Amino acid sequence: MDGVWDLVVVGGGPAGAAAALRAAQLRPGARVLLLDKADFPRDKACGDGIAAHGRDELALLGLPDLIDDYRPTPHLSVVSPSGVRVSATAARPNHVVPRRVFDARLVAAACARGVEVRRHRVRDLRANGGDVVVDGTLRARAVVAADGAHSAVRRLIGLPAAAARHTAIAVRGYADVPPDDDAQLIAMQKEGWPAYAWSFPIGDGTANVGFGMLLPRLHAAGRPGRDVLHGRLAELLPDRPARDLRAHHLPLSTGRPAPGAGRVMLAGDAASLINPLTGEGIYYALLSGRLAGEAAVRAAADPLPAYRRSLRGALGRHLRTTDVLARLAQSPGFIDAAIGTAAHRKEVFDLLVEVGLGAGTVPPPIALAVARRWLRDSLTRRP
């Protein structure tokens, strides 16, 4: 044992780095240890999109300029399952930063703040009095599990992984695009719905491109997953042949577990905090990591209840909203109606962005407008 750590964070992605950064920010003398099984920089399969809400989190962490050297992408185009298109300028621009860059910068910022970073794969976790012992040698007053979709820590504390029906799978690559491309594209597909492809330009003549769908729909396709994912990406984005393709699982928030157990708090993908409508997870990761880091130092005697309360306060209504919308979105007609309404009403477009990329909820008048269009479209299609 090398003494007691105030906080041990497992996983150096956005959630883990945010937890470490916040703890060191609030208590500069705290002993904070960040563990990850890889060295940085390292690649991570992801859409690389950082919404304006993520920038807000970076500012709260004291890193408002972390990605200022990346060009913003102010425009967004969405194509619905039946081909309805809406294109508009976002109320606040998004950014696209490769995870190889973004994660390494966060970890470096944590190091600069006094956080110790070690390469280490966690294999054992045990409660011992008022502390947690990691792998028999590290004693911590609190642990943040931010070790991703297949979290070892979540398994070690007895919490289940997301069920297949609450899990999506996506393939991500990179493609060449015109250097002046500054519009994010989401192209939905009716076959195997819910399913969509994306193209998110980075600003250097390349774009992050990919295709995702629910895991049960992939299994139902009856073909090798690689063929389905790669094939549909090529079909939807034929002008953007992808390279460096990698697949990854996305545990959706509709199947989220308890936020932790004992003195262990789950954050980011380990907590199944991925938006079921868009697959966005970086904002949730930064937010949940920050809140976990706060609880570790502000409620050191019993951090989990404080974390649960703050997480519920920040995302409770939003997650209930996306739970409902995810069920409605099983019908492609609902998405057609929502995007069709957004094509004619900018406030609806902005709301879709808030719900899909931030912590937005749906006010009754907007819900009624989409429901009316959905009903009208359904009656029109009826023989």
# chains A, B, ... in the order shown; residues from 1 in each chain; ligands from 1
>>> residues_around(residues="Arg317 of chain A", least_positions_apart="3", cutoff="10 Å", atoms="only C-alpha atoms", output="PyMOL selection string")
chain A and resi 312-314+320-323+359-362
>>> residues_around(residues="segment 203-215 of chain A", least_positions_apart="4", cutoff="6 Å", atoms="only C-alpha atoms", output="PyMOL selection string")
chain A and resi 71+167-179+194-199+233
>>> write_last_selection(atoms="all heavy atoms", output="compact mmCIF listing (two decimals), in the first residue's frame")
# COMPACT_ATOMS: atom_id res chain seq x y z
N ARG A 71 -11.71 23.80 -35.88
CA ARG A 71 -12.74 24.64 -36.48
C ARG A 71 -14.14 24.16 -36.08
O ARG A 71 -14.43 22.96 -36.12
CB ARG A 71 -12.61 24.58 -38.00
CG ARG A 71 -13.50 25.56 -38.77
CD ARG A 71 -13.50 25.23 -40.26
NE ARG A 71 -14.18 23.97 -40.52
CZ ARG A 71 -14.18 23.35 -41.71
NH1 ARG A 71 -13.49 23.86 -42.70
NH2 ARG A 71 -14.83 22.21 -41.88
N THR A 167 -28.65 -1.91 -26.34
CA THR A 167 -27.28 -1.73 -26.81
C THR A 167 -27.28 -1.51 -28.32
O THR A 167 -27.96 -2.22 -29.06
CB THR A 167 -26.41 -2.96 -26.48
OG1 THR A 167 -26.45 -3.19 -25.07
CG2 THR A 167 -24.97 -2.74 -26.92
N ALA A 168 -26.53 -0.54 -28.75
CA ALA A 168 -26.32 -0.31 -30.18
C ALA A 168 -24.90 -0.71 -30.53
O ALA A 168 -24.04 -0.87 -29.67
CB ALA A 168 -26.57 1.16 -30.54
N ILE A 169 -24.67 -0.89 -31.82
CA ILE A 169 -23.32 -1.18 -32.31
C ILE A 169 -23.07 -0.28 -33.51
O ILE A 169 -23.96 -0.04 -34.32
CB ILE A 169 -23.14 -2.67 -32.66
CG1 ILE A 169 -21.68 -2.94 -33.03
CG2 ILE A 169 -24.10 -3.11 -33.75
CD1 ILE A 169 -21.35 -4.43 -33.11
N ALA A 170 -21.87 0.24 -33.59
CA ALA A 170 -21.54 1.17 -34.67
C ALA A 170 -20.16 0.86 -35.20
O ALA A 170 -19.31 0.29 -34.50
CB ALA A 170 -21.61 2.62 -34.17
N VAL A 171 -19.94 1.24 -36.45
CA VAL A 171 -18.62 1.15 -37.04
C VAL A 171 -18.20 2.56 -37.41
O VAL A 171 -19.01 3.36 -37.91
CB VAL A 171 -18.60 0.21 -38.27
CG1 VAL A 171 -19.51 0.72 -39.37
CG2 VAL A 171 -17.19 0.02 -38.78
N ARG A 172 -16.95 2.90 -37.12
CA ARG A 172 -16.45 4.25 -37.35
C ARG A 172 -15.17 4.21 -38.17
O ARG A 172 -14.33 3.34 -38.01
CB ARG A 172 -16.14 4.90 -36.01
CG ARG A 172 -15.50 6.29 -36.12
CD ARG A 172 -14.17 6.37 -35.38
NE ARG A 172 -13.13 5.55 -35.97
CZ ARG A 172 -11.93 5.38 -35.43
NH1 ARG A 172 -11.63 5.95 -34.29
NH2 ARG A 172 -11.03 4.61 -36.02
N GLY A 173 -15.08 5.18 -39.10
CA GLY A 173 -13.87 5.32 -39.90
C GLY A 173 -13.64 6.78 -40.22
O GLY A 173 -14.27 7.68 -39.65
N TYR A 174 -12.73 7.02 -41.15
CA TYR A 174 -12.44 8.38 -41.60
C TYR A 174 -12.45 8.41 -43.12
O TYR A 174 -12.09 7.43 -43.78
CB TYR A 174 -11.10 8.86 -41.03
CG TYR A 174 -11.13 9.04 -39.53
CD1 TYR A 174 -10.73 8.01 -38.69
CD2 TYR A 174 -11.62 10.21 -38.96
CE1 TYR A 174 -10.78 8.16 -37.31
CE2 TYR A 174 -11.67 10.36 -37.58
CZ TYR A 174 -11.25 9.33 -36.76
OH TYR A 174 -11.34 9.48 -35.40
N ALA A 175 -12.89 9.54 -43.67
CA ALA A 175 -12.98 9.70 -45.11
C ALA A 175 -12.53 11.09 -45.51
O ALA A 175 -12.57 12.03 -44.71
CB ALA A 175 -14.42 9.46 -45.59
N ASP A 176 -12.10 11.22 -46.75
CA ASP A 176 -11.71 12.53 -47.28
C ASP A 176 -12.95 13.31 -47.69
O ASP A 176 -13.87 12.76 -48.30
CB ASP A 176 -10.79 12.37 -48.49
CG ASP A 176 -9.46 11.71 -48.12
OD1 ASP A 176 -8.96 11.97 -47.02
OD2 ASP A 176 -8.95 10.92 -48.93
N VAL A 177 -12.98 14.59 -47.34
CA VAL A 177 -14.08 15.49 -47.71
C VAL A 177 -13.48 16.82 -48.15
O VAL A 177 -12.30 17.10 -47.89
CB VAL A 177 -15.05 15.72 -46.52
CG1 VAL A 177 -15.75 14.43 -46.14
CG2 VAL A 177 -14.32 16.31 -45.33
N PRO A 178 -14.25 17.68 -48.83
CA PRO A 178 -13.72 18.99 -49.19
C PRO A 178 -13.28 19.76 -47.96
O PRO A 178 -13.94 19.72 -46.91
CB PRO A 178 -14.92 19.67 -49.87
CG PRO A 178 -15.76 18.54 -50.39
CD PRO A 178 -15.61 17.44 -49.38
N PRO A 179 -12.18 20.47 -48.02
CA PRO A 179 -11.68 21.20 -46.85
C PRO A 179 -12.67 22.21 -46.28
O PRO A 179 -12.62 22.52 -45.09
CB PRO A 179 -10.42 21.90 -47.38
CG PRO A 179 -9.99 21.09 -48.55
CD PRO A 179 -11.26 20.57 -49.17
N PRO A 194 -34.11 1.22 -35.75
CA PRO A 194 -33.38 2.49 -35.89
C PRO A 194 -31.95 2.28 -36.39
O PRO A 194 -31.22 1.44 -35.85
CB PRO A 194 -33.37 3.07 -34.48
CG PRO A 194 -34.40 2.29 -33.71
CD PRO A 194 -34.40 0.94 -34.33
N ALA A 195 -31.57 3.04 -37.40
CA ALA A 195 -30.24 2.92 -37.99
C ALA A 195 -29.91 4.20 -38.73
O ALA A 195 -30.78 4.79 -39.38
CB ALA A 195 -30.19 1.73 -38.95
N TYR A 196 -28.65 4.65 -38.64
CA TYR A 196 -28.27 5.84 -39.40
C TYR A 196 -26.76 5.88 -39.62
O TYR A 196 -25.97 5.27 -38.90
CB TYR A 196 -28.75 7.12 -38.70
CG TYR A 196 -27.98 7.54 -37.48
CD1 TYR A 196 -26.82 8.32 -37.58
CD2 TYR A 196 -28.41 7.21 -36.20
CE1 TYR A 196 -26.13 8.74 -36.46
CE2 TYR A 196 -27.71 7.61 -35.07
CZ TYR A 196 -26.57 8.38 -35.20
OH TYR A 196 -25.87 8.78 -34.10
N ALA A 197 -26.38 6.61 -40.66
CA ALA A 197 -24.98 6.90 -40.94
C ALA A 197 -24.71 8.35 -40.61
O ALA A 197 -25.63 9.18 -40.57
CB ALA A 197 -24.65 6.62 -42.41
N TRP A 198 -23.43 8.66 -40.38
CA TRP A 198 -23.08 10.04 -40.09
C TRP A 198 -21.80 10.43 -40.81
O TRP A 198 -20.99 9.57 -41.17
CB TRP A 198 -22.93 10.26 -38.59
CG TRP A 198 -21.71 9.62 -37.98
CD1 TRP A 198 -20.42 10.08 -37.96
CD2 TRP A 198 -21.66 8.36 -37.30
NE1 TRP A 198 -19.58 9.21 -37.32
CE2 TRP A 198 -20.31 8.15 -36.90
CE3 TRP A 198 -22.63 7.39 -36.98
CZ2 TRP A 198 -19.91 7.01 -36.20
CZ3 TRP A 198 -22.22 6.26 -36.29
CH2 TRP A 198 -20.90 6.08 -35.91
N SER A 199 -21.65 11.73 -41.00
CA SER A 199 -20.40 12.30 -41.50
C SER A 199 -20.16 13.59 -40.74
O SER A 199 -20.94 14.53 -40.85
CB SER A 199 -20.47 12.58 -43.00
OG SER A 199 -19.30 13.24 -43.45
N LEU A 233 -22.95 1.47 -44.45
CA LEU A 233 -22.22 2.73 -44.45
C LEU A 233 -21.88 3.13 -45.89
O LEU A 233 -22.06 4.30 -46.27
CB LEU A 233 -20.94 2.59 -43.62
CG LEU A 233 -19.96 3.76 -43.67
CD1 LEU A 233 -20.61 5.05 -43.18
CD2 LEU A 233 -18.71 3.45 -42.84
>>> atom_distance(atom1="atom CA of Ala152 of chain A", atom2="atom CA of Val297 of chain A")
23.7 Å
>>> closest_residue(among="A:Ile67, A:Pro276, A:His150, A:Ala24", to="Cys111 of chain A", atoms="only C-alpha atoms")
A:Ala24
>>> closest_residue(among="A:Pro93, A:Gly54, A:Pro64, A:Gly262", to="Ala301 of chain A", atoms="only C-alpha atoms")
A:Gly262
>>> closest_atom_pairs(of="segment 27-47 of chain A", to="segment 237-258 of chain A", cutoff="12 Å", atoms="only C-alpha atoms", output="Markdown table")
| residue | atom | partner | partner_atom | distance |
| --- | --- | --- | --- | --- |
| A:Asp43 | CA | A:Arg246 | CA | 10.1 |
| A:Lys44 | CA | A:Arg246 | CA | 8.8 |
| A:Ala45 | CA | A:Arg246 | CA | 6.1 |
| A:Cys46 | CA | A:His248 | CA | 7.7 |
| A:Gly47 | CA | A:His248 | CA | 10.5 |
>>> closest_residue(among="A:Ala20, A:Ala163, A:Val78, A:Ala183", to="Gly114 of chain A", atoms="only C-alpha atoms")
A:Ala20
>>> residues_around(residues="Ala19 of chain A", least_positions_apart="5", cutoff="6 Å", atoms="only C-alpha atoms", output="PDB file with N, CA, C and O atoms, in the first residue's frame")
ATOM      1  N   GLY A 289     -18.736  12.515 -15.155  1.00  0.00           N
ATOM      2  CA  GLY A 289     -17.419  12.478 -14.533  1.00  0.00           C
ATOM      3  C   GLY A 289     -17.198  13.654 -13.606  1.00  0.00           C
ATOM      4  O   GLY A 289     -16.686  13.497 -12.487  1.00  0.00           O
ATOM      5  N   ARG A 290     -17.588  14.826 -14.067  1.00  0.00           N
ATOM      6  CA  ARG A 290     -17.445  16.017 -13.208  1.00  0.00           C
ATOM      7  C   ARG A 290     -18.234  15.852 -11.913  1.00  0.00           C
ATOM      8  O   ARG A 290     -17.728  16.143 -10.817  1.00  0.00           O
ATOM      9  N   ALA A 292     -19.178  13.104 -10.437  1.00  0.00           N
ATOM     10  CA  ALA A 292     -18.575  12.073  -9.594  1.00  0.00           C
ATOM     11  C   ALA A 292     -17.346  12.618  -8.874  1.00  0.00           C
ATOM     12  O   ALA A 292     -17.130  12.333  -7.686  1.00  0.00           O
ATOM     13  N   GLY A 293     -16.528  13.398  -9.588  1.00  0.00           N
ATOM     14  CA  GLY A 293     -15.370  14.005  -8.940  1.00  0.00           C
ATOM     15  C   GLY A 293     -15.775  14.960  -7.835  1.00  0.00           C
ATOM     16  O   GLY A 293     -15.125  15.014  -6.778  1.00  0.00           O
TER      17      GLY A 293
END
>>> closest_residue(among="A:Ala104, A:Ile202, A:Val86, A:Ala295", to="Leu26 of chain A", atoms="only C-alpha atoms")
A:Ala295
>>> select_by_dssp(residues="segment 21-118 of chain A", states="alpha helix (DSSP H)", output="ChimeraX atom specification")
/A:21-26,52-60,99-112
>>> closest_residue(among="A:Gly136, A:Gly340, A:Gly316, A:Pro303", to="Leu7 of chain A", atoms="only C-alpha atoms")
A:Pro303
>>> closest_residue(among="A:Leu156, A:Val96, A:Gly268, A:Thr89", to="Asp69 of chain A", atoms="only C-alpha atoms")
A:Val96
>>> select_by_dssp(residues="segment 173-292 of chain A", states="strand (DSSP E or B)", output="ChimeraX atom specification")
/A:173-176,183-188,195-201,206-214,243-251,260-261,264-266
>>> atom_distance(atom1="atom CA of Ala17 of chain A", atom2="atom CA of Leu311 of chain A")
17.3 Å
>>> residues_around(residues="Ala59 of chain A", least_positions_apart="5", cutoff="12 Å", atoms="only C-alpha atoms", output="VMD selection string")
chain A and resid 18 21 to 22 52 to 54 64 to 68 286 to 287 290
>>> write_last_selection(atoms="C-alpha atoms", output="compact mmCIF listing (two decimals), in the first residue's frame")
# COMPACT_ATOMS: atom_id res chain seq x y z
CA ALA A 18 -13.30 14.89 -15.95
CA LEU A 21 -9.80 17.08 -13.10
CA ARG A 22 -12.79 18.15 -11.00
CA ALA A 52 -21.64 22.96 -27.38
CA HIS A 53 -22.83 21.41 -24.12
CA GLY A 54 -19.53 19.56 -23.94
CA PRO A 64 -12.42 26.58 -21.89
CA ASP A 65 -9.76 26.74 -24.63
CA LEU A 66 -8.91 23.04 -24.86
CA ILE A 67 -10.16 22.57 -28.43
CA ASP A 68 -10.10 26.13 -29.75
CA LEU A 286 -17.90 14.93 -19.11
CA LEU A 287 -20.95 15.82 -17.02
CA ARG A 290 -17.45 16.02 -13.21
